[in-house]
>>> print(open('work-v6.cif').read())   # mmCIF, C-alpha atoms
data_my_file
loop_
_atom_site.label_atom_id
_atom_site.label_comp_id
_atom_site.auth_asym_id
_atom_site.auth_seq_id
_atom_site.Cartn_x
_atom_site.Cartn_y
_atom_site.Cartn_z
CA MET A 1 6.92 6.20 24.24
CA LYS A 2 3.40 7.41 25.02
CA TRP A 3 0.66 5.32 23.39
CA TYR A 4 -0.79 8.12 21.27
CA LYS A 5 2.65 8.94 19.91
CA PHE A 6 3.24 5.28 19.16
CA VAL A 7 -0.05 4.98 17.28
CA LEU A 8 0.77 8.11 15.34
CA GLY A 9 4.17 6.70 14.47
CA ILE A 10 2.65 3.46 13.19
CA SER A 11 0.10 5.47 11.20
CA ILE A 12 2.88 7.44 9.56
CA THR A 13 4.76 4.24 8.85
CA LEU A 14 1.73 2.69 7.18
CA THR A 15 1.18 5.79 5.12
CA SER A 16 4.74 5.63 3.90
CA LEU A 17 4.19 2.03 2.88
CA THR A 18 1.48 3.02 0.42
CA ILE A 19 2.05 6.63 -0.60
CA PRO A 20 5.48 7.29 -2.14
CA ILE A 21 7.40 10.43 -1.29
CA SER A 22 9.19 12.36 -3.99
CA ALA A 23 11.53 9.96 -5.75
CA GLU A 24 13.51 12.66 -7.54
CA ARG A 25 17.19 11.92 -8.02
CA LEU A 26 18.79 15.19 -6.97
CA GLU A 27 22.28 14.04 -7.93
CA TYR A 28 25.12 16.55 -7.47
CA PRO A 29 25.74 20.05 -8.80
CA PRO A 30 28.84 20.29 -11.06
CA GLU A 31 30.64 22.53 -8.58
CA GLU A 32 30.57 19.68 -6.02
CA PHE A 33 33.28 17.89 -8.00
CA SER A 34 35.45 20.88 -8.84
CA ALA A 35 35.39 21.84 -5.14
CA ARG A 36 36.59 18.35 -4.23
CA ARG A 37 39.46 18.59 -6.71
CA ASP A 38 40.47 21.99 -5.38
CA LEU A 39 40.42 20.74 -1.79
CA LEU A 40 42.51 17.72 -2.73
CA ALA A 41 45.07 19.94 -4.47
CA LYS A 42 45.17 22.32 -1.50
CA ASN A 43 46.45 19.55 0.75
CA ILE A 44 49.18 18.29 -1.60
CA ASP A 45 52.43 20.05 -2.38
CA GLY A 46 52.36 20.00 -6.17
CA GLY A 47 52.80 17.29 -8.77
CA LEU A 48 50.48 15.76 -11.34
CA LEU A 49 47.37 13.74 -10.51
CA LEU A 50 46.42 10.84 -12.80
CA MET A 51 43.12 9.01 -12.19
CA PHE A 52 41.40 6.36 -14.28
CA SER A 53 37.76 5.44 -14.74
CA SER A 54 36.40 1.93 -15.03
CA THR A 55 37.28 0.29 -18.35
CA LEU A 56 34.46 -2.27 -18.56
CA PRO A 57 30.72 -2.14 -17.83
CA THR A 58 29.41 -3.82 -14.69
CA PRO A 59 28.07 -7.19 -15.94
CA GLY A 60 24.35 -7.75 -15.61
CA ILE A 61 23.49 -4.66 -13.56
CA ARG A 62 23.42 -0.89 -13.88
CA PHE A 63 26.91 0.54 -14.39
CA ARG A 64 28.71 1.99 -11.37
CA GLN A 65 31.79 4.11 -12.00
CA ASP A 66 35.10 3.68 -10.19
CA HIS A 67 34.49 5.44 -6.89
CA ASP A 68 37.65 7.55 -6.73
CA PHE A 69 37.27 8.70 -10.32
CA PHE A 70 33.59 9.58 -9.90
CA TYR A 71 34.29 11.38 -6.61
CA LEU A 72 36.60 13.82 -8.40
CA THR A 73 34.83 14.18 -11.75
CA GLY A 74 31.16 13.14 -11.61
CA ASN A 75 31.79 11.47 -14.96
CA GLU A 76 30.45 8.01 -15.81
CA SER A 77 32.29 7.29 -19.07
CA LEU A 78 34.27 4.13 -19.64
CA ASN A 79 37.99 4.50 -20.38
CA ALA A 80 38.16 8.09 -19.15
CA VAL A 81 41.22 9.66 -17.54
CA LEU A 82 41.62 12.69 -15.29
CA VAL A 83 44.89 14.64 -15.29
CA MET A 84 45.23 17.51 -12.83
CA ASP A 85 48.10 19.88 -12.18
CA LEU A 86 48.02 20.05 -8.39
CA SER A 87 49.87 23.38 -8.32
CA SER A 88 47.69 25.32 -10.78
CA LYS A 89 44.56 23.18 -10.09
CA ASP A 90 44.01 22.91 -13.85
CA SER A 91 42.04 19.74 -14.61
CA HIS A 92 41.94 17.95 -17.94
CA LEU A 93 39.53 15.15 -18.81
CA PHE A 94 40.41 12.63 -21.54
CA LEU A 95 37.53 10.70 -23.11
CA PRO A 96 37.37 8.13 -25.94
CA ARG A 97 35.93 9.11 -29.30
CA LEU A 98 32.64 7.25 -29.74
CA SER A 99 31.31 5.87 -33.00
CA ALA A 100 27.89 6.83 -34.31
CA ALA A 101 26.62 3.38 -33.34
CA GLU A 102 27.96 3.73 -29.76
CA ILE A 103 26.30 7.11 -29.42
CA LYS A 104 23.04 5.74 -30.80
CA TYR A 105 22.88 2.84 -28.37
CA GLU A 106 24.63 4.18 -25.27
CA GLY A 107 24.55 7.96 -25.59
CA ALA A 108 27.26 10.54 -26.15
CA ASN A 109 29.99 11.42 -23.69
CA TRP A 110 31.23 14.91 -22.79
CA LEU A 111 33.75 15.12 -25.63
CA ASN A 112 33.23 18.15 -27.90
CA LYS A 113 30.56 19.62 -25.62
CA THR A 114 32.07 23.04 -25.03
CA ASP A 115 29.50 24.04 -22.41
CA ILE A 116 30.51 21.04 -20.27
CA VAL A 117 34.13 22.21 -20.03
CA ARG A 118 33.21 25.42 -18.21
CA LYS A 119 30.24 23.98 -16.35
CA ARG A 120 32.25 21.08 -14.94
CA GLY A 121 35.30 23.16 -14.06
CA PHE A 122 37.75 21.55 -16.49
CA LYS A 123 40.39 23.46 -18.38
CA THR A 124 40.04 21.07 -21.32
CA ILE A 125 38.20 17.92 -22.35
CA GLN A 126 40.31 16.10 -24.93
CA PRO A 127 40.27 12.87 -26.96
CA LEU A 128 41.82 9.92 -25.15
CA GLU A 129 44.44 9.38 -27.85
CA GLY A 130 46.10 12.63 -26.80
CA LEU A 131 46.78 11.45 -23.23
CA HIS A 132 50.20 9.92 -23.84
CA ASN A 133 51.52 13.04 -25.53
CA PHE A 134 50.01 15.25 -22.80
CA LEU A 135 51.81 13.32 -20.07
CA ALA A 136 55.09 13.51 -21.98
CA GLN A 137 54.77 17.29 -22.41
CA SER A 138 53.81 17.83 -18.79
CA ARG A 139 57.34 17.19 -17.59
CA ARG A 140 58.69 20.23 -19.47
CA ILE A 141 62.16 20.11 -17.86
CA SER A 142 64.48 17.19 -17.18
CA GLY A 143 64.50 15.50 -13.81
CA THR A 144 62.02 13.63 -11.66
CA LYS A 145 58.42 14.77 -11.52
CA ILE A 146 55.89 13.59 -8.95
CA LEU A 147 52.85 11.76 -10.32
CA TRP A 148 50.04 10.98 -7.91
CA THR A 149 47.78 8.05 -8.73
CA ARG A 150 46.04 5.21 -6.95
CA LEU A 151 48.55 2.61 -5.80
CA SER A 152 46.14 1.07 -3.28
CA GLU A 153 43.24 -1.26 -4.10
CA PRO A 154 39.94 0.20 -5.34
CA ASP A 155 36.79 -0.02 -3.25
CA PHE A 156 33.42 -1.14 -4.55
CA VAL A 157 29.81 -0.62 -3.48
CA ASN A 158 29.95 -3.49 -0.95
CA GLN A 159 33.70 -3.99 -0.65
CA SER A 160 36.33 -1.84 1.08
CA ARG A 161 39.91 -1.43 -0.14
CA PHE A 162 40.92 -3.96 2.51
CA ASP A 163 38.20 -6.38 1.40
CA THR A 164 39.43 -6.04 -2.18
CA ALA A 165 43.00 -6.81 -1.14
CA LEU A 166 41.86 -9.95 0.66
CA LYS A 167 39.79 -11.14 -2.31
CA ILE A 168 42.75 -10.63 -4.65
CA ALA A 169 45.02 -12.57 -2.30
CA GLN A 170 42.50 -15.40 -2.11
CA ARG A 171 42.22 -15.51 -5.88
CA GLN A 172 46.00 -15.56 -6.31
CA SER A 173 46.32 -18.57 -4.02
CA ASN A 174 45.08 -20.47 -7.08
CA PRO A 175 48.26 -21.13 -9.13
CA PHE A 176 46.32 -20.56 -12.36
CA ALA A 177 44.75 -17.28 -11.25
CA ARG A 178 47.82 -15.23 -10.41
CA TYR A 179 47.35 -12.66 -13.16
CA PRO A 180 47.83 -9.01 -12.10
CA THR A 181 44.91 -6.73 -11.43
CA GLU A 182 44.12 -3.96 -13.90
CA ASP A 183 45.46 -1.36 -11.47
CA ALA A 184 48.69 -3.30 -10.96
CA ALA A 185 49.22 -3.71 -14.71
CA ARG A 186 48.56 -0.01 -15.26
CA ILE A 187 51.15 0.96 -12.65
CA VAL A 188 53.76 -1.22 -14.35
CA ALA A 189 52.93 0.40 -17.71
CA ILE A 190 53.27 3.93 -16.31
CA ARG A 191 56.65 3.12 -14.78
CA GLU A 192 57.88 1.57 -18.03
CA GLN A 193 56.64 4.32 -20.34
CA PHE A 194 57.33 7.31 -18.07
CA PRO A 195 60.38 6.42 -15.94
CA TYR A 196 60.96 10.07 -15.05
CA TYR A 197 57.71 10.18 -13.07
CA LYS A 198 57.99 9.24 -9.41
CA LEU A 199 54.72 7.58 -8.40
CA ARG A 200 52.98 8.34 -5.11
CA ASP A 201 49.75 6.93 -3.75
CA ILE A 202 46.84 9.40 -3.76
CA SER A 203 44.56 6.98 -1.86
CA PRO A 204 45.31 8.21 1.70
CA ASN A 205 44.61 11.81 0.64
CA LEU A 206 41.39 10.81 -1.12
CA ASP A 207 40.31 8.69 1.84
CA ARG A 208 40.66 11.63 4.23
CA LEU A 209 38.59 13.75 1.87
CA ARG A 210 35.87 11.13 1.39
CA LEU A 211 35.69 10.51 5.13
CA ILE A 212 34.05 13.89 5.84
CA LYS A 213 30.79 14.20 3.96
CA THR A 214 29.76 17.40 2.19
CA GLU A 215 26.42 19.11 2.70
CA ARG A 216 24.98 17.55 -0.45
CA GLU A 217 26.25 14.10 0.54
CA ILE A 218 24.60 14.45 3.95
CA GLU A 219 21.36 15.43 2.25
CA ARG A 220 21.52 12.34 0.03
CA LEU A 221 22.44 10.05 2.93
CA THR A 222 19.58 11.39 5.04
CA HIS A 223 17.10 10.69 2.25
CA ASN A 224 18.64 7.28 1.61
CA GLY A 225 18.51 6.41 5.31
CA ARG A 226 14.81 7.12 5.55
CA ILE A 227 13.85 5.17 2.44
CA SER A 228 16.05 2.22 3.38
CA ALA A 229 14.43 2.14 6.83
CA GLU A 230 10.97 2.24 5.25
CA ALA A 231 12.00 -0.69 3.05
CA ILE A 232 12.83 -2.71 6.17
CA ASN A 233 9.42 -1.74 7.60
CA ARG A 234 7.72 -3.23 4.56
CA ALA A 235 9.59 -6.48 5.14
CA ILE A 236 8.56 -6.56 8.80
CA VAL A 237 4.90 -6.06 7.87
CA ALA A 238 5.14 -8.87 5.29
CA THR A 239 6.55 -11.41 7.77
CA ALA A 240 4.59 -14.56 8.73
CA PRO A 241 5.33 -18.23 9.32
CA GLY A 242 5.31 -20.12 6.03
CA LYS A 243 6.61 -17.24 3.94
CA PHE A 244 9.99 -17.41 2.27
CA GLU A 245 12.96 -15.20 3.07
CA TYR A 246 13.04 -13.88 -0.49
CA GLU A 247 9.53 -12.50 -0.08
CA LEU A 248 10.86 -10.07 2.51
CA GLU A 249 13.71 -9.13 0.18
CA ALA A 250 11.15 -8.49 -2.58
CA GLU A 251 9.09 -6.15 -0.39
CA ALA A 252 12.14 -4.09 0.53
CA THR A 253 13.57 -4.05 -2.98
CA TYR A 254 10.27 -2.83 -4.39
CA TRP A 255 10.36 0.20 -2.10
CA LEU A 256 13.96 1.07 -2.99
CA VAL A 257 13.24 0.94 -6.72
CA LYS A 258 9.91 2.74 -6.26
CA ASN A 259 11.83 5.64 -4.75
CA GLY A 260 14.40 5.93 -7.51
CA PHE A 261 17.31 4.02 -6.03
CA GLN A 262 19.83 2.88 -8.62
CA ALA A 263 20.88 -0.29 -6.77
CA ALA A 264 21.18 -2.10 -3.49
CA ALA A 265 24.17 -1.24 -1.33
CA TYR A 266 24.89 -4.96 -0.98
CA PRO A 267 23.04 -8.27 -1.54
CA ALA A 268 20.14 -8.59 0.87
CA ILE A 269 20.73 -10.71 3.95
CA VAL A 270 17.46 -12.30 5.15
CA GLY A 271 18.35 -15.10 7.54
CA SER A 272 15.67 -16.97 9.45
CA GLY A 273 16.25 -19.62 12.11
CA PRO A 274 19.71 -21.19 11.70
CA ASN A 275 20.47 -18.96 8.70
CA GLY A 276 20.61 -15.99 11.04
CA ASN A 277 23.80 -17.39 12.55
CA GLN A 278 25.51 -17.15 9.18
CA TRP A 279 26.40 -13.49 9.36
CA HIS A 280 26.57 -12.80 5.63
CA TYR A 281 23.96 -15.33 4.46
CA GLU A 282 22.61 -14.26 1.03
CA ASN A 283 20.66 -17.22 -0.40
CA ASN A 284 17.34 -16.06 1.10
CA GLY A 285 15.57 -19.22 -0.03
CA ARG A 286 14.35 -20.78 3.23
CA GLN A 287 10.76 -20.94 4.40
CA MET A 288 10.36 -19.20 7.75
CA LYS A 289 8.89 -21.10 10.69
CA GLU A 290 7.10 -20.27 13.93
CA ASN A 291 9.09 -19.15 16.98
CA GLU A 292 12.14 -18.26 14.88
CA LEU A 293 13.96 -14.97 14.55
CA VAL A 294 14.69 -13.39 11.20
CA VAL A 295 17.67 -11.08 10.71
CA MET A 296 17.48 -8.67 7.79
CA ASP A 297 20.46 -6.59 6.70
CA TYR A 298 19.67 -4.53 3.60
CA GLY A 299 20.11 -0.94 2.45
CA GLY A 300 20.01 1.07 -0.74
CA ALA A 301 22.52 2.84 -2.98
CA LEU A 302 21.48 6.25 -4.27
CA ASP A 303 23.65 8.75 -6.14
CA TYR A 304 26.83 6.82 -5.26
CA LEU A 305 26.06 6.77 -1.53
CA THR A 306 25.03 3.75 0.51
CA ILE A 307 23.13 2.97 3.71
CA ASP A 308 23.61 0.02 6.08
CA ILE A 309 20.72 -1.08 8.30
CA THR A 310 19.82 -4.31 10.12
CA ARG A 311 16.79 -5.28 12.15
CA THR A 312 15.93 -8.53 13.94
CA TRP A 313 12.35 -9.65 14.69
CA PRO A 314 10.30 -12.75 15.54
CA VAL A 315 8.63 -14.56 12.65
CA SER A 316 5.56 -15.37 14.77
CA GLY A 317 5.10 -11.81 15.99
CA ILE A 318 6.25 -12.44 19.55
CA PHE A 319 9.66 -12.97 21.14
CA THR A 320 10.34 -16.02 23.29
CA GLU A 321 11.85 -15.15 26.68
CA THR A 322 15.32 -16.26 25.55
CA GLN A 323 15.04 -14.23 22.35
CA LYS A 324 13.78 -11.23 24.26
CA LYS A 325 16.67 -11.37 26.74
CA ALA A 326 19.20 -11.40 23.89
CA TYR A 327 17.36 -8.64 22.03
CA ARG A 328 17.24 -6.35 25.06
CA CYS A 329 20.96 -6.77 25.60
CA VAL A 330 21.83 -5.74 22.03
CA LEU A 331 19.33 -2.88 21.99
CA ASP A 332 20.55 -1.48 25.31
CA ALA A 333 24.14 -1.71 24.13
CA GLN A 334 23.39 0.08 20.87
CA LYS A 335 21.44 2.85 22.58
CA ALA A 336 24.24 3.42 25.11
CA MET A 337 26.83 3.53 22.36
CA ILE A 338 24.82 5.97 20.24
CA GLN A 339 24.25 8.19 23.27
CA ALA A 340 28.02 8.47 23.78
CA ILE A 341 28.93 9.30 20.18
CA ARG A 342 30.29 12.80 19.71
CA PRO A 343 33.29 14.46 18.04
CA GLY A 344 36.54 13.59 19.78
CA ILE A 345 35.51 10.22 21.21
CA THR A 346 37.26 7.14 19.83
CA HIS A 347 35.96 3.88 18.43
CA LYS A 348 37.69 2.04 21.27
CA GLU A 349 35.85 4.09 23.88
CA ILE A 350 32.48 3.47 22.21
CA ARG A 351 33.10 -0.25 22.03
CA ALA A 352 34.02 -0.37 25.72
CA ILE A 353 30.66 1.19 26.56
CA GLY A 354 28.87 -1.53 24.63
CA GLU A 355 30.91 -4.29 26.27
CA ARG A 356 29.94 -3.07 29.73
CA VAL A 357 26.27 -3.32 28.76
CA TYR A 358 26.79 -6.89 27.55
CA GLU A 359 28.42 -7.77 30.86
CA SER A 360 25.53 -6.22 32.80
CA HIS A 361 23.13 -8.48 30.89
CA GLY A 362 25.16 -11.57 31.74
CA PHE A 363 26.55 -12.38 28.31
CA SER A 364 30.18 -13.42 28.06
CA GLU A 365 32.43 -11.80 25.50
CA ASN A 366 32.91 -14.97 23.43
CA LYS A 367 29.17 -14.98 22.64
CA SER A 368 28.78 -11.30 21.93
CA THR A 369 30.23 -8.54 19.84
CA ALA A 370 29.77 -4.91 20.81
CA PHE A 371 30.79 -4.15 17.25
CA ILE A 372 31.37 -0.50 16.50
CA GLY A 373 30.90 -1.18 12.79
CA HIS A 374 32.55 0.66 9.92
CA TYR A 375 32.51 3.87 7.92
CA VAL A 376 29.69 4.29 5.38
CA GLY A 377 29.73 6.36 2.20
CA MET A 378 30.30 5.52 -1.45
CA SER A 379 31.03 2.01 -0.24
CA VAL A 380 29.00 0.39 2.51
CA HIS A 381 32.41 -0.45 4.03
CA ASP A 382 33.83 2.93 3.21
CA VAL A 383 37.37 4.26 3.15
CA GLY A 384 39.05 5.93 6.09
CA ASN A 385 41.41 5.40 9.01
CA TRP A 386 39.47 3.53 11.70
CA GLY A 387 41.88 4.70 14.38
CA LEU A 388 40.85 8.35 14.10
CA PRO A 389 38.61 9.97 16.73
CA PHE A 390 35.16 10.87 15.50
CA LYS A 391 34.73 14.15 13.63
CA ALA A 392 31.62 15.97 12.49
CA GLY A 393 30.72 14.83 8.99
CA MET A 394 31.80 11.22 9.44
CA VAL A 395 29.17 8.54 8.83
CA ILE A 396 29.39 5.14 10.51
CA ALA A 397 27.41 1.92 10.83
CA LEU A 398 26.94 0.89 14.46
CA GLU A 399 26.02 -2.79 14.70
CA PRO A 400 26.28 -4.59 18.06
CA LEU A 401 25.19 -8.20 17.84
CA LEU A 402 24.70 -11.33 19.90
CA ASP A 403 25.26 -14.74 18.32
CA LEU A 404 24.02 -17.91 20.06
CA PRO A 405 24.16 -20.71 17.47
CA ASP A 406 23.08 -23.46 19.89
CA ASP A 407 19.78 -21.63 20.39
CA GLN A 408 19.50 -20.50 16.73
CA ILE A 409 19.57 -16.92 17.99
CA HIS A 410 21.34 -14.11 16.24
CA VAL A 411 20.36 -10.56 17.17
CA ARG A 412 21.85 -7.67 15.24
CA ILE A 413 20.58 -4.09 15.37
CA GLU A 414 22.40 -1.79 12.98
CA ASP A 415 21.93 1.86 12.10
CA THR A 416 23.78 4.31 9.88
CA ILE A 417 24.78 7.31 11.97
CA LEU A 418 26.02 10.79 11.08
CA ILE A 419 28.47 12.42 13.47
CA THR A 420 27.36 16.02 14.08
CA LYS A 421 29.11 18.89 15.82
CA ASP A 422 27.01 18.27 18.95
CA GLY A 423 26.69 14.47 18.93
CA SER A 424 25.09 12.21 16.33
CA LYS A 425 22.03 11.69 14.18
CA VAL A 426 20.58 8.25 13.36
CA LEU A 427 19.80 8.33 9.64
CA THR A 428 17.85 5.06 9.72
CA SER A 429 15.61 5.85 12.70
CA ALA A 430 12.41 5.37 10.65
CA ALA A 431 12.72 1.60 11.20
CA PRO A 432 11.52 0.71 14.74
CA LYS A 433 13.70 -1.27 17.14
CA GLU A 434 11.97 -0.94 20.52
CA ILE A 435 10.32 -4.28 21.28
CA ASN A 436 6.77 -2.91 21.53
CA GLU A 437 7.14 -0.96 18.28
CA VAL A 438 8.46 -3.98 16.39
CA ILE A 439 5.62 -6.18 17.68
CA GLU A 440 2.99 -3.59 16.73
CA LEU A 441 4.38 -3.37 13.20
CA LEU A 442 4.28 -7.16 12.90
CA ARG A 443 0.60 -7.08 13.85
CA VAL A 444 -0.25 -4.77 10.96
CA ASN A 445 -0.32 -7.64 8.45
#
>>> encode(input="work-v6.cif", output="structure tokens")
Amino acid sequence: MKWYKFVLGISITLTSLTIPISAERLEYPPEEFSARRDLLAKNIDGGLLLMFSSTLPTPGIRFRQDHDFFYLTGNESLNAVLVMDLSSKDSHLFLPRLSAAEIKYEGANWLNKTDIVRKRGFKTIQPLEGLHNFLAQSRRISGTKILWTRLSEPDFVNQSRFDTALKIAQRQSNPFARYPTEDAARIVAIREQFPYYKLRDISPNLDRLRLIKTEREIERLTHNGRISAEAINRAIVATAPGKFEYELEAEATYWLVKNGFQAAAYPAIVGSGPNGNQWHYENNGRQMKENELVVMDYGGALDYLTIDITRTWPVSGIFTETQKKAYRCVLDAQKAMIQAIRPGITHKEIRAIGERVYESHGFSENKSTAFIGHYVGMSVHDVGNWGLPFKAGMVIALEPLLDLPDDQIHVRIEDTILITKDGSKVLTSAAPKEINEVIELLRVN
């Protein structure tokens, strides 16, 4: 990069650290959700769709609706149910009646708001107590009727369906914690109360739909990527020997909240020295020391979309030769992998490109991971078949890393990347990763 361009870039970065951009939450137009329902129905040969919202608030933090339910409805009510005739595309939303006290403290839901029915593309919005009778009447004639619902695990903001399955299995290894999940109990109840419905899993169909982002989702992700990158920049500027890891988390969190973000996409990872070698370290309580590296993995959640970004930098403002060698390897690998991304190429092919770069830098495979990453979307480890070739509209996290515990070196450079029709776009490019750019930003403090 030419020097004048570099100076200009740092100037812009500093400006963004002090002057906030528009923090408006654009959210989604109502037709976004009705279009999703129509597209889902188009790809399924009839039957009835039954989807459930979350039934309890998220303890201690801002509520986040069940992802699959929100994706199809845009509704954030507790104990809500969506029923959709997949042949006619008629959608019905069932909501609980709220008491005057509930409305006073928590606000009203969409029940009895006639303008919402048309605006949101529903045929009806009905009281929840009518759901059982509605399902019974929907069969109309004797015989088996197909009912689509979620038979797979849910995903959460920082946990994929697979992650959820593993956590449930780990919990159930405790002989006194083998109670069924809410989803599992609900499935049993449906089968007992409506034996004439044949249940099928809607999750694979929803996952294919969620995998390709809409125009509005791309707009939100682009905005999120820039702000999350700027948050990392603030942490870099705040770095110095003697400071604590949580001070960097605080700088980044401030910028996310300042720009209207509803939450973090996952707990901040700020690992200095030996903590960097713990890949998902979250305590962030250590005091940083000279000549150490710090690894920071932290992104925001905005309008039910997440960003994943990691940067690695020297606490003292200068890399040692060993650190620099490791950093250059990871950076060269990531740049080569990004350059190759385009529709049609596979994850396996991209990883092979990264592995060749590692070999050229003299690092053996057991010490390195040319990690292709994961899908990103409503969850930071989003849904989708990882074996599919890339398609335009997919969003991935690309995160090659190099882990050398004996030297207390862990280098990870991660960006969230949109697959475009011509190649790819790095959504988190506002955070520098070239060595000279990182060092210059560290000198700003």
>>> residues_around(input="work-v6.cif", residues="region 256-266 of chain A", least_positions_apart="4", cutoff="6 Å", atoms="all atoms listed in the file", output="compact mmCIF listing (two decimals) with C-alpha atoms, keeping the file's coordinate frame")
# COMPACT_ATOMS: atom_id res chain seq x y z
CA ALA A 23 11.53 9.96 -5.75
CA ASN A 158 29.95 -3.49 -0.95
CA GLY A 299 20.11 -0.94 2.45
CA GLY A 300 20.01 1.07 -0.74
CA ALA A 301 22.52 2.84 -2.98
CA LEU A 302 21.48 6.25 -4.27
CA THR A 306 25.03 3.75 0.51
>>> resolve_selection(input="work-v6.cif", expression="the PyMOL selection byres ((chain A and resi 116) around 12)", output="list in words")
Pro30, Glu31, Thr73, Gly74, Asn75, Leu93, Asn109, Trp110, Leu111, Asn112, Lys113, Thr114, Asp115, Val117, Arg118, Lys119, Arg120, Gly121, Phe122, Lys123, Thr124, Ile125 and Gln126 of chain A
>>> closest_atom_pairs(input="work-v6.cif", of="region 180-294 of chain A", to="region 367-390 of chain A", cutoff="9 Å", atoms="all atoms listed in the file", output="CSV")
residue,atom,partner,partner_atom,distance
A:Pro204,CA,A:Gly384,CA,8.0
A:Leu206,CA,A:Val383,CA,8.8
A:Asp207,CA,A:Gly384,CA,5.2
A:Arg208,CA,A:Gly384,CA,6.2
A:Leu209,CA,A:Gly384,CA,8.9
A:Arg210,CA,A:Val383,CA,7.2
A:Leu211,CA,A:Gly384,CA,5.8
A:Lys213,CA,A:Gly377,CA,8.1
A:Glu217,CA,A:Gly377,CA,8.6
A:Leu221,CA,A:Gly377,CA,8.2
A:Ala265,CA,A:Val380,CA,6.4
A:Tyr266,CA,A:Val380,CA,7.6
>>> closest_residue(input="work-v6.cif", among="A:Arg36, A:His410, A:Arg150, A:Arg351", to="Trp313 (chain A)", atoms="all atoms listed in the file")
A:His410
>>> resolve_selection(input="work-v6.cif", expression="the PyMOL selection byres ((chain A and resi 428-432) around 8)", output="list in words")
Thr13, Gly225, Arg226, Ser228, Ala229, Glu230, Ile232, Asn233, Ile309, Asp415, Thr416, Ile417, Val426, Leu427, Lys433, Glu434, Glu437 and Val438 of chain A
>>> closest_residue(input="work-v6.cif", among="A:Thr312, A:Tyr254, A:Leu401, A:Glu282", to="Glu355 (chain A)", atoms="all atoms listed in the file")
A:Leu401
>>> residues_near_point(input="work-v6.cif", point="(51.3, 0.6, -12.5)", cutoff="12 Å", atoms="all atoms listed in the file", output="ChimeraX atom specification")
/A:50-52,147-153,180-195,197-201
>>> atom_distance(input="work-v6.cif", atom1="CA of Met394 (chain A)", atom2="CA of Asp68 (chain A)")
17.6 Å
>>> closest_residue(input="work-v6.cif", among="A:Ala252, A:Ala340, A:Ile439, A:Ala80", to="Asp422 (chain A)", atoms="only C-alpha atoms")
A:Ala340
>>> atom_distance(input="work-v6.cif", atom1="CA of Asn133 (chain A)", atom2="CA of Asp155 (chain A)")
29.7 Å
>>> residues_near_point(input="work-v6.cif", point="(12.1, -16.2, 25.9)", cutoff="12 Å", atoms="only C-alpha atoms", output="number ranges by chain")
A: 291-293, 314, 318-328, 407, 409
>>> write_last_selection(input="work-v6.cif", atoms="C-alpha atoms", output="mmCIF file, in the coordinates of the input")
data_model
loop_
_atom_site.group_PDB
_atom_site.id
_atom_site.type_symbol
_atom_site.label_atom_id
_atom_site.label_comp_id
_atom_site.auth_asym_id
_atom_site.auth_seq_id
_atom_site.Cartn_x
_atom_site.Cartn_y
_atom_site.Cartn_z
ATOM 1 C CA ASN A 291 9.090 -19.150 16.980
ATOM 2 C CA GLU A 292 12.140 -18.260 14.880
ATOM 3 C CA LEU A 293 13.960 -14.970 14.550
ATOM 4 C CA PRO A 314 10.300 -12.750 15.540
ATOM 5 C CA ILE A 318 6.250 -12.440 19.550
ATOM 6 C CA PHE A 319 9.660 -12.970 21.140
ATOM 7 C CA THR A 320 10.340 -16.020 23.290
ATOM 8 C CA GLU A 321 11.850 -15.150 26.680
ATOM 9 C CA THR A 322 15.320 -16.260 25.550
ATOM 10 C CA GLN A 323 15.040 -14.230 22.350
ATOM 11 C CA LYS A 324 13.780 -11.230 24.260
ATOM 12 C CA LYS A 325 16.670 -11.370 26.740
ATOM 13 C CA ALA A 326 19.200 -11.400 23.890
ATOM 14 C CA TYR A 327 17.360 -8.640 22.030
ATOM 15 C CA ARG A 328 17.240 -6.350 25.060
ATOM 16 C CA ASP A 407 19.780 -21.630 20.390
ATOM 17 C CA ILE A 409 19.570 -16.920 17.990
#
>>> residues_around(input="work-v6.cif", residues="region 82-85 of chain A", least_positions_apart="3", cutoff="6 Å", atoms="all atoms listed in the file", output="ChimeraX atom specification")
/A:48-51,88-93
>>> atom_distance(input="work-v6.cif", atom1="CA of Leu39 (chain A)", atom2="CA of His347 (chain A)")
26.7 Å
>>> closest_residue(input="work-v6.cif", among="A:Val444, A:Leu72, A:Ala268, A:Ala231", to="Glu251 (chain A)", atoms="only C-alpha atoms")
A:Ala231
>>> closest_residue(input="work-v6.cif", among="A:Ile61, A:Val395, A:Val157, A:Ala108", to="Glu76 (chain A)", atoms="all atoms listed in the file")
A:Ala108
>>> closest_residue(input="work-v6.cif", among="A:Ile146, A:His280, A:Asp303, A:Glu215", to="Gln65 (chain A)", atoms="only C-alpha atoms")
A:Asp303
>>> resolve_selection(input="work-v6.cif", expression="the PyMOL selection byres ((chain A and resi 295) around 8)", output="PyMOL selection string")
chain A and resi 269-272+276+293-294+296-297+310-313+410-412
>>> write_last_selection(input="work-v6.cif", atoms="C-alpha atoms", output="CSV table (one decimal), in the coordinates of the input")
chain,number,residue,atom,x,y,z
A,269,ILE,CA,20.7,-10.7,4.0
A,270,VAL,CA,17.5,-12.3,5.2
A,271,GLY,CA,18.4,-15.1,7.5
A,272,SER,CA,15.7,-17.0,9.4
A,276,GLY,CA,20.6,-16.0,11.0
A,293,LEU,CA,14.0,-15.0,14.6
A,294,VAL,CA,14.7,-13.4,11.2
A,296,MET,CA,17.5,-8.7,7.8
A,297,ASP,CA,20.5,-6.6,6.7
A,310,THR,CA,19.8,-4.3,10.1
A,311,ARG,CA,16.8,-5.3,12.2
A,312,THR,CA,15.9,-8.5,13.9
A,313,TRP,CA,12.4,-9.6,14.7
A,410,HIS,CA,21.3,-14.1,16.2
A,411,VAL,CA,20.4,-10.6,17.2
A,412,ARG,CA,21.8,-7.7,15.2
